[in-house]
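Note sheet for the following structure.
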Amino acid sequence: MAITYDLKRSLRARRVRISVYPDSRVVVTIPRLFSVRSAERFLAKQARWIEHSLAQTRGKKVIPLARADIPVLKKRAAALAAARCTYFAKMYGVRFKKISICAQKSRWGSCSRSGALSFNYKIAALPEHIADYIIVHELCHLSEMNHSKKFWHLVAREVPEHRAIRKELRNTVIMFR
């Protein structure tokens with residue numbers, strides 16, 4: 001199978017680099033004086049790895065964002081988190097101390113023992129039902145600071161389809177253009 005790729009020459013690159021992105025783009029970066037033929041030979045040697053990486057991207061939902069939108073997303077995330085946390089906290093009869101919006105790389109949210117909730121600003125780009133799941137998940141940690149059966153029963157009170165939503169969240173990638 002022929003691999004479609006974009007070729008980038010870089011003044012700073014010291015060696016050939018292959019990047020496979022969630023939207024199934026393959027980008028080959030080569031040093032300025034490297035030949036295209038040598039890059040293609042390298043690409044052919046790495047074909048199995050590339051195919052494996054492309055297979056992992058299939059079925060993923062990609063939400064494209066522009067870096068210029070980050071300040072707007074942070075404001076929207078703060079408003080969303082404040083409104084939905086207030087709403088769901090009443091439903092669960094829990095209290096939180098404060099809400100912060102952060103730029104975590106690998107977390108959508110967190111809850112401290114002191115009652116502070118933290119959410120990734122990217123929740124503002126997610127579909128509403130997924131954002132609600134994340135908010136409910138963290139609010140339930142105010143009652144159960146673990147992922148026990150009791151915790152998941154609490155989550156299921158307001159988000160009965162939480163398993164399907166978690167799967168959808170794992171298959172959603174937010175990517176900057």
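Starting from 1 in every chain, residues are counted up; chains themselves are A, B, ... following the order of the structure tokens, and ligands are numbered from 1 as listed.
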
**OP:** Report the residues of chain A whose backbone DSSP state falls under strand (DSSP E), written as a VMD selection string.
**Re:** chain A and resid 6 to 10 17 to 20 26 to 31 61 to 65 98 to 102 109 to 111 116 to 120 172 to 176

**OP:** Do a neighbour search on segment 107-119 of chain A at 6 Å with only C-alpha atoms, toss out local chain neighbours closer than 2 positions, and write the hits as a list of chain:residue names.
**Re:**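 With the cut-off at 6 Å, the set is A:Phe96, A:Lys97, A:Lys98, A:Ile99, A:Ser100, A:Ile101, A:Gln104, A:Glu138.
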
Atoms kept (N, CA and C atoms) for selection, written as a PDB file, in the first residue's frame:
ATOM      1  N   PHE A  96     -18.925  22.454  46.366  1.00  0.00           N
ATOM      2  CA  PHE A  96     -17.530  22.574  45.942  1.00  0.00           C
ATOM      3  C   PHE A  96     -17.015  23.933  46.399  1.00  0.00           C
ATOM      4  N   LYS A  97     -15.709  24.033  46.585  1.00  0.00           N
ATOM      5  CA  LYS A  97     -15.122  25.286  47.069  1.00  0.00           C
ATOM      6  C   LYS A  97     -14.846  26.258  45.929  1.00  0.00           C
ATOM      7  N   LYS A  98     -14.145  25.771  44.913  1.00  0.00           N
ATOM      8  CA  LYS A  98     -13.837  26.657  43.786  1.00  0.00           C
ATOM      9  C   LYS A  98     -13.680  25.830  42.519  1.00  0.00           C
ATOM     10  N   ILE A  99     -13.743  26.534  41.413  1.00  0.00           N
ATOM     11  CA  ILE A  99     -13.555  25.914  40.098  1.00  0.00           C
ATOM     12  C   ILE A  99     -12.406  26.632  39.414  1.00  0.00           C
ATOM     13  N   SER A 100     -11.492  25.866  38.857  1.00  0.00           N
ATOM     14  CA  SER A 100     -10.424  26.476  38.060  1.00  0.00           C
ATOM     15  C   SER A 100     -10.386  25.812  36.689  1.00  0.00           C
ATOM     16  N   ILE A 101      -9.964  26.604  35.723  1.00  0.00           N
ATOM     17  CA  ILE A 101      -9.827  26.126  34.352  1.00  0.00           C
ATOM     18  C   ILE A 101      -8.337  26.081  34.044  1.00  0.00           C
ATOM     19  N   GLN A 104      -4.457  21.229  31.156  1.00  0.00           N
ATOM     20  CA  GLN A 104      -3.820  19.928  31.401  1.00  0.00           C
ATOM     21  C   GLN A 104      -3.644  19.190  30.085  1.00  0.00           C
ATOM     22  N   GLU A 138     -16.464  14.526  38.124  1.00  0.00           N
ATOM     23  CA  GLU A 138     -15.658  15.216  39.150  1.00  0.00           C
ATOM     24  C   GLU A 138     -16.502  15.582  40.371  1.00  0.00           C
TER      25      GLU A 138
END

For Ala103 of chain A, list every protein, DNA or RNA residue within 8 Å, evaluated using only C-alpha atoms, and leave out those in the same chain fewer than 3 positions away; present the list as a short mmCIF file (atom, residue, chain, number, x, y, z; two decimals) with N, CA and C atoms, in the first residue's frame.
data_model
loop_
_atom_site.label_atom_id
_atom_site.label_comp_id
_atom_site.auth_asym_id
_atom_site.auth_seq_id
_atom_site.Cartn_x
_atom_site.Cartn_y
_atom_site.Cartn_z
N ASN A 120 -10.24 21.02 32.32
CA ASN A 120 -9.46 21.37 31.15
C ASN A 120 -10.29 22.34 30.31
N TYR A 121 -9.66 23.41 29.80
CA TYR A 121 -10.41 24.39 29.01
C TYR A 121 -11.00 23.78 27.73
N LYS A 122 -10.49 22.64 27.30
CA LYS A 122 -10.97 22.02 26.07
C LYS A 122 -12.37 21.42 26.21
#

Original post:
Which residue, A:Ile174, A:Val94, A:Ile30, A:Ala82, has the smallest gap to Glu144 of chain A when you use only C-alpha atoms?
Top reply: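 Nearest to Glu144 of chain A: A:Val94.
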
Original post:
What lies within 12 Å of Leu126 of chain A using only C-alpha atoms, ignoring chain neighbours under 4 positions off, as an MDAnalysis selection string?
Top reply: chainID A and resid 61:65 73 76:77 80 108 120:122 130:134 165 168:175

Save out the residues we just selected, C-alpha atoms, as a PDB file, in the first residue's frame.
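Result file is again_5.pdb:
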ATOM      1  CA  LYS A  61     -13.494  11.849  16.025  1.00  0.00           C
ATOM      2  CA  VAL A  62     -11.220  14.850  15.474  1.00  0.00           C
ATOM      3  CA  ILE A  63     -12.288  18.278  16.726  1.00  0.00           C
ATOM      4  CA  PRO A  64     -10.072  20.876  15.032  1.00  0.00           C
ATOM      5  CA  LEU A  65      -9.244  24.067  16.941  1.00  0.00           C
ATOM      6  CA  LEU A  73     -12.368  28.587  24.944  1.00  0.00           C
ATOM      7  CA  ARG A  76     -16.490  29.525  27.662  1.00  0.00           C
ATOM      8  CA  ALA A  77     -15.129  26.636  29.757  1.00  0.00           C
ATOM      9  CA  LEU A  80     -19.857  26.220  31.327  1.00  0.00           C
ATOM     10  CA  TRP A 108     -10.186  16.435  31.534  1.00  0.00           C
ATOM     11  CA  ASN A 120      -9.459  21.368  31.145  1.00  0.00           C
ATOM     12  CA  TYR A 121     -10.406  24.387  29.011  1.00  0.00           C
ATOM     13  CA  LYS A 122     -10.974  22.015  26.068  1.00  0.00           C
ATOM     14  CA  ILE A 130     -19.557  14.699  27.113  1.00  0.00           C
ATOM     15  CA  ALA A 131     -18.796  17.929  29.007  1.00  0.00           C
ATOM     16  CA  ASP A 132     -21.676  17.140  31.382  1.00  0.00           C
ATOM     17  CA  TYR A 133     -20.266  13.649  31.973  1.00  0.00           C
ATOM     18  CA  ILE A 134     -16.859  15.105  32.898  1.00  0.00           C
ATOM     19  CA  ILE A 165     -19.880   8.483  26.811  1.00  0.00           C
ATOM     20  CA  GLU A 168     -16.848   8.316  22.968  1.00  0.00           C
ATOM     21  CA  LEU A 169     -14.526  10.610  24.954  1.00  0.00           C
ATOM     22  CA  ARG A 170     -11.594   8.197  24.525  1.00  0.00           C
ATOM     23  CA  ASN A 171     -12.230   8.227  20.773  1.00  0.00           C
ATOM     24  CA  THR A 172     -12.361  12.042  20.563  1.00  0.00           C
ATOM     25  CA  VAL A 173      -9.211  13.985  19.791  1.00  0.00           C
ATOM     26  CA  ILE A 174      -8.895  17.754  19.978  1.00  0.00           C
ATOM     27  CA  MET A 175      -6.283  18.869  17.492  1.00  0.00           C
TER      28      MET A 175
END
